[in-house]
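Beneath this line is the structure, given in structure tokens, with notes to follow.
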Amino acid sequence: MGLPELVYAPIEGGTIHKCELSGGKRTFLRFIGCYLGRCNFYNNINDAIDYIENRREVQNIQKG
């Protein structure tokens, strides 16, 4: 398992990294979506992007 690699950093904030995780005899590619210190693992990059966009919307609602 190597270090996570940055694959997406929108100008509005947040990051998405990809990483390979080993489990048994297989290696799994996972994406980590992070926004303001909250991070979650996802099976595909689209789910990670959706997470960042949703977290950003929640943050904007709390500010307003």
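So you can find residues: chains in the structure tokens are A, B, ... in the order shown, residues in each start at 1, and ligands are numbered from 1 in order.
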
Quick one: everything within 10 Å of stretch 12-17 of chain A, counting only C-alpha atoms, minus sequence neighbours fewer than 5 positions away in the same chain. Send it as a short mmCIF file (atom, residue, chain, number, x, y, z; two decimals) with all heavy atoms, in the first residue's frame.
data_model
loop_
_atom_site.label_atom_id
_atom_site.label_comp_id
_atom_site.auth_asym_id
_atom_site.auth_seq_id
_atom_site.Cartn_x
_atom_site.Cartn_y
_atom_site.Cartn_z
N LEU A 3 1.20 5.65 -0.44
CA LEU A 3 0.53 6.82 0.10
C LEU A 3 -0.61 7.25 -0.80
O LEU A 3 -0.55 7.06 -2.01
CB LEU A 3 1.53 7.97 0.24
CG LEU A 3 2.65 7.77 1.25
CD1 LEU A 3 3.64 8.93 1.16
CD2 LEU A 3 2.09 7.67 2.65
N PRO A 4 -1.65 7.87 -0.23
CA PRO A 4 -2.73 8.39 -1.08
C PRO A 4 -2.20 9.45 -2.05
O PRO A 4 -1.32 10.22 -1.72
CB PRO A 4 -3.69 9.02 -0.07
CG PRO A 4 -3.41 8.33 1.22
CD PRO A 4 -1.95 8.03 1.19
N GLU A 5 -2.77 9.48 -3.25
CA GLU A 5 -2.34 10.40 -4.30
C GLU A 5 -3.48 11.38 -4.60
O GLU A 5 -4.62 10.97 -4.84
CB GLU A 5 -2.01 9.60 -5.56
CG GLU A 5 -1.62 10.44 -6.73
CD GLU A 5 -1.41 9.59 -7.97
OE1 GLU A 5 -1.13 8.38 -7.85
OE2 GLU A 5 -1.53 10.15 -9.07
N LEU A 6 -3.17 12.68 -4.57
CA LEU A 6 -4.16 13.71 -4.86
C LEU A 6 -4.59 13.61 -6.32
O LEU A 6 -3.76 13.58 -7.22
CB LEU A 6 -3.58 15.09 -4.59
CG LEU A 6 -4.49 16.27 -4.87
CD1 LEU A 6 -5.67 16.27 -3.91
CD2 LEU A 6 -3.72 17.57 -4.78
N VAL A 7 -5.91 13.54 -6.54
CA VAL A 7 -6.42 13.47 -7.91
C VAL A 7 -7.35 14.62 -8.26
O VAL A 7 -7.59 14.89 -9.44
CB VAL A 7 -7.14 12.13 -8.20
CG1 VAL A 7 -6.17 10.99 -8.18
CG2 VAL A 7 -8.28 11.89 -7.24
N ARG A 30 -9.56 2.76 -3.86
CA ARG A 30 -10.58 3.54 -3.16
C ARG A 30 -10.26 5.02 -3.30
O ARG A 30 -9.11 5.42 -3.48
CB ARG A 30 -10.63 3.18 -1.68
CG ARG A 30 -11.09 1.76 -1.42
CD ARG A 30 -12.55 1.58 -1.80
NE ARG A 30 -13.03 0.26 -1.51
CZ ARG A 30 -13.15 -0.71 -2.39
NH1 ARG A 30 -12.80 -0.51 -3.64
NH2 ARG A 30 -13.60 -1.88 -2.05
N PHE A 31 -11.28 5.85 -3.17
CA PHE A 31 -11.13 7.29 -3.22
C PHE A 31 -11.52 7.87 -1.87
O PHE A 31 -12.48 7.42 -1.25
CB PHE A 31 -12.01 7.87 -4.33
CG PHE A 31 -11.58 7.42 -5.69
CD1 PHE A 31 -12.10 6.27 -6.26
CD2 PHE A 31 -10.63 8.13 -6.39
CE1 PHE A 31 -11.69 5.84 -7.51
CE2 PHE A 31 -10.21 7.72 -7.65
CZ PHE A 31 -10.74 6.57 -8.20
N ILE A 32 -10.76 8.85 -1.42
CA ILE A 32 -11.01 9.50 -0.14
C ILE A 32 -11.44 10.94 -0.43
O ILE A 32 -10.69 11.71 -1.01
CB ILE A 32 -9.75 9.53 0.74
CG1 ILE A 32 -9.16 8.12 0.87
CG2 ILE A 32 -10.06 10.13 2.11
CD1 ILE A 32 -7.77 8.10 1.47
N GLY A 33 -12.66 11.26 -0.06
CA GLY A 33 -13.17 12.62 -0.23
C GLY A 33 -13.09 13.34 1.11
O GLY A 33 -13.60 12.84 2.11
N CYS A 34 -12.44 14.52 1.14
CA CYS A 34 -12.27 15.28 2.37
C CYS A 34 -12.73 16.72 2.19
O CYS A 34 -12.45 17.34 1.17
CB CYS A 34 -10.81 15.30 2.80
SG CYS A 34 -10.13 13.70 3.20
N TYR A 35 -13.43 17.23 3.21
CA TYR A 35 -13.84 18.62 3.22
C TYR A 35 -13.87 19.09 4.66
O TYR A 35 -14.57 18.50 5.49
CB TYR A 35 -15.22 18.79 2.57
CG TYR A 35 -15.59 20.24 2.35
CD1 TYR A 35 -15.04 20.96 1.30
CD2 TYR A 35 -16.48 20.89 3.19
CE1 TYR A 35 -15.37 22.29 1.08
CE2 TYR A 35 -16.82 22.21 2.98
CZ TYR A 35 -16.25 22.91 1.93
OH TYR A 35 -16.56 24.23 1.73
N LEU A 36 -13.08 20.11 4.97
CA LEU A 36 -12.98 20.69 6.31
C LEU A 36 -12.70 19.64 7.38
O LEU A 36 -13.32 19.62 8.45
CB LEU A 36 -14.24 21.48 6.65
CG LEU A 36 -14.49 22.73 5.82
CD1 LEU A 36 -15.80 23.39 6.24
CD2 LEU A 36 -13.34 23.72 5.95
N GLY A 37 -11.78 18.74 7.09
CA GLY A 37 -11.36 17.74 8.07
C GLY A 37 -12.23 16.51 8.18
O GLY A 37 -11.92 15.61 8.95
N ARG A 38 -13.29 16.44 7.42
CA ARG A 38 -14.15 15.25 7.42
C ARG A 38 -13.86 14.46 6.15
O ARG A 38 -14.00 14.98 5.05
CB ARG A 38 -15.62 15.62 7.47
CG ARG A 38 -16.01 16.24 8.78
CD ARG A 38 -17.48 16.43 8.83
NE ARG A 38 -17.86 16.91 10.16
CZ ARG A 38 -19.08 16.99 10.59
NH1 ARG A 38 -20.08 16.61 9.82
NH2 ARG A 38 -19.34 17.44 11.79
N CYS A 39 -13.48 13.21 6.32
CA CYS A 39 -13.08 12.37 5.18
C CYS A 39 -13.85 11.06 5.19
O CYS A 39 -14.11 10.50 6.25
CB CYS A 39 -11.58 12.07 5.25
SG CYS A 39 -10.54 13.55 5.25
N ASN A 40 -14.18 10.58 3.99
CA ASN A 40 -14.85 9.29 3.83
C ASN A 40 -14.25 8.56 2.64
O ASN A 40 -13.79 9.18 1.69
CB ASN A 40 -16.35 9.47 3.58
CG ASN A 40 -17.11 9.88 4.82
OD1 ASN A 40 -16.67 9.62 5.94
ND2 ASN A 40 -18.23 10.53 4.63
N PHE A 41 -14.29 7.23 2.71
CA PHE A 41 -13.83 6.38 1.61
C PHE A 41 -14.99 6.08 0.66
O PHE A 41 -16.12 5.88 1.10
CB PHE A 41 -13.29 5.05 2.14
CG PHE A 41 -11.92 5.15 2.74
CD1 PHE A 41 -11.75 5.49 4.06
CD2 PHE A 41 -10.80 4.91 1.96
CE1 PHE A 41 -10.49 5.57 4.62
CE2 PHE A 41 -9.53 4.99 2.50
CZ PHE A 41 -9.38 5.33 3.83
N TYR A 42 -14.67 6.03 -0.65
CA TYR A 42 -15.67 5.73 -1.67
C TYR A 42 -15.09 4.77 -2.70
O TYR A 42 -13.88 4.75 -2.92
CB TYR A 42 -16.14 7.02 -2.36
CG TYR A 42 -16.85 7.93 -1.40
CD1 TYR A 42 -16.16 8.92 -0.74
CD2 TYR A 42 -18.19 7.74 -1.12
CE1 TYR A 42 -16.80 9.73 0.19
CE2 TYR A 42 -18.84 8.54 -0.20
CZ TYR A 42 -18.14 9.53 0.45
OH TYR A 42 -18.78 10.32 1.37
N ILE A 45 -14.83 7.76 -7.92
CA ILE A 45 -14.54 9.18 -7.77
C ILE A 45 -15.80 10.03 -7.80
O ILE A 45 -15.88 11.06 -7.13
CB ILE A 45 -13.51 9.65 -8.82
CG1 ILE A 45 -12.96 11.03 -8.44
CG2 ILE A 45 -14.11 9.62 -10.21
CD1 ILE A 45 -11.73 11.43 -9.23
N ALA A 48 -17.20 10.39 -4.38
CA ALA A 48 -16.36 11.29 -3.58
C ALA A 48 -16.63 12.75 -3.94
O ALA A 48 -16.69 13.62 -3.06
CB ALA A 48 -14.89 10.95 -3.77
N ILE A 49 -16.81 13.04 -5.22
CA ILE A 49 -17.12 14.41 -5.65
C ILE A 49 -18.48 14.82 -5.10
O ILE A 49 -18.64 15.95 -4.60
CB ILE A 49 -17.09 14.50 -7.19
CG1 ILE A 49 -15.66 14.37 -7.69
CG2 ILE A 49 -17.71 15.82 -7.67
CD1 ILE A 49 -15.53 14.24 -9.20
N TYR A 51 -19.86 13.81 -2.38
CA TYR A 51 -19.68 14.05 -0.95
C TYR A 51 -19.15 15.46 -0.70
O TYR A 51 -19.67 16.19 0.15
CB TYR A 51 -18.72 13.02 -0.36
CG TYR A 51 -18.28 13.35 1.04
CD1 TYR A 51 -19.14 13.18 2.11
CD2 TYR A 51 -16.99 13.84 1.29
CE1 TYR A 51 -18.74 13.50 3.41
CE2 TYR A 51 -16.60 14.15 2.58
CZ TYR A 51 -17.47 13.98 3.63
OH TYR A 51 -17.08 14.30 4.90
N ILE A 52 -18.12 15.86 -1.44
CA ILE A 52 -17.54 17.20 -1.26
C ILE A 52 -18.58 18.28 -1.57
O ILE A 52 -18.72 19.25 -0.83
CB ILE A 52 -16.29 17.37 -2.14
CG1 ILE A 52 -15.16 16.52 -1.59
CG2 ILE A 52 -15.87 18.83 -2.21
CD1 ILE A 52 -13.92 16.54 -2.45
N GLU A 53 -19.32 18.11 -2.65
CA GLU A 53 -20.34 19.10 -3.02
C GLU A 53 -21.42 19.18 -1.95
O GLU A 53 -21.86 20.28 -1.59
CB GLU A 53 -20.94 18.75 -4.37
CG GLU A 53 -19.96 18.98 -5.51
CD GLU A 53 -20.48 18.51 -6.86
OE1 GLU A 53 -21.58 17.90 -6.91
OE2 GLU A 53 -19.78 18.75 -7.85
N ARG A 55 -21.13 18.40 1.30
CA ARG A 55 -20.54 19.01 2.50
C ARG A 55 -20.43 20.52 2.34
O ARG A 55 -20.67 21.27 3.27
CB ARG A 55 -19.16 18.43 2.82
CG ARG A 55 -19.12 17.00 3.26
CD ARG A 55 -19.89 16.70 4.52
NE ARG A 55 -19.63 17.64 5.57
CZ ARG A 55 -20.43 17.83 6.62
NH1 ARG A 55 -21.53 17.14 6.75
NH2 ARG A 55 -20.14 18.71 7.54
N ARG A 56 -20.08 20.96 1.14
CA ARG A 56 -19.96 22.39 0.86
C ARG A 56 -21.33 23.07 1.01
O ARG A 56 -21.44 24.15 1.58
CB ARG A 56 -19.40 22.60 -0.54
CG ARG A 56 -18.95 24.00 -0.81
CD ARG A 56 -18.35 24.18 -2.19
NE ARG A 56 -17.42 23.14 -2.57
CZ ARG A 56 -17.50 22.44 -3.70
NH1 ARG A 56 -18.44 22.69 -4.57
NH2 ARG A 56 -16.61 21.52 -3.98
#

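When DSSP is run on the backbone, the residues of chain A that fall into strand (DSSP E or B) are Glu5, Leu6, Val7, Tyr8, Thr15, Ile16, His17, Lys18, Cys19, Glu20, Leu21, Ser22, Gly23, Arg26, Thr27, Phe28, Leu29, Arg30, Phe31, Ile32, Gly33, Cys34, Tyr35, Arg38, Cys39, Asn40, Phe41 and Tyr42 of chain A.
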
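Residues of chain A assigned to helix (DSSP H, G or I) by DSSP on this structure's backbone: Ile45, Asn46, Asp47, Ala48, Ile49, Asp50, Tyr51, Ile52, Glu53, Asn54, Arg55, Arg56, Glu57, Val58, Gln59, Asn60, Ile61, Gln62 and Lys63 of chain A.
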
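Residues lying within 9 Å of A:Leu21, counting only C-alpha atoms and ignoring same-chain neighbours fewer than 5 positions away, are Met1, Gly2, Arg26, Thr27, Phe28, Leu29 and Arg30 of chain A.
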
Print the selection's residues with N, CA and C atoms to a file, as a short mmCIF file (atom, residue, chain, number, x, y, z; two decimals), in the first residue's frame.
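As written to disk, part.cif reads:
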data_model
loop_
_atom_site.label_atom_id
_atom_site.label_comp_id
_atom_site.auth_asym_id
_atom_site.auth_seq_id
_atom_site.Cartn_x
_atom_site.Cartn_y
_atom_site.Cartn_z
N MET A 1 0.85 -1.18 0.00
CA MET A 1 0.00 0.00 0.00
C MET A 1 0.89 1.23 0.00
N GLY A 2 0.67 2.11 -0.97
CA GLY A 2 1.41 3.35 -1.03
C GLY A 2 0.64 4.48 -0.37
N ARG A 26 -6.23 -9.55 -2.74
CA ARG A 26 -6.64 -8.53 -3.71
C ARG A 26 -6.19 -7.14 -3.27
N THR A 27 -6.12 -6.27 -4.24
CA THR A 27 -5.86 -4.86 -3.98
C THR A 27 -7.07 -4.07 -4.47
N PHE A 28 -7.53 -3.16 -3.65
CA PHE A 28 -8.72 -2.38 -3.96
C PHE A 28 -8.36 -0.92 -4.16
N LEU A 29 -8.89 -0.30 -5.20
CA LEU A 29 -8.71 1.12 -5.43
C LEU A 29 -9.87 1.86 -4.77
N ARG A 30 -9.56 2.76 -3.86
CA ARG A 30 -10.58 3.54 -3.16
C ARG A 30 -10.26 5.02 -3.30
#

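Going from atom CA of A:Asn44 to atom CA of A:Cys19 covers 11.3 Å.
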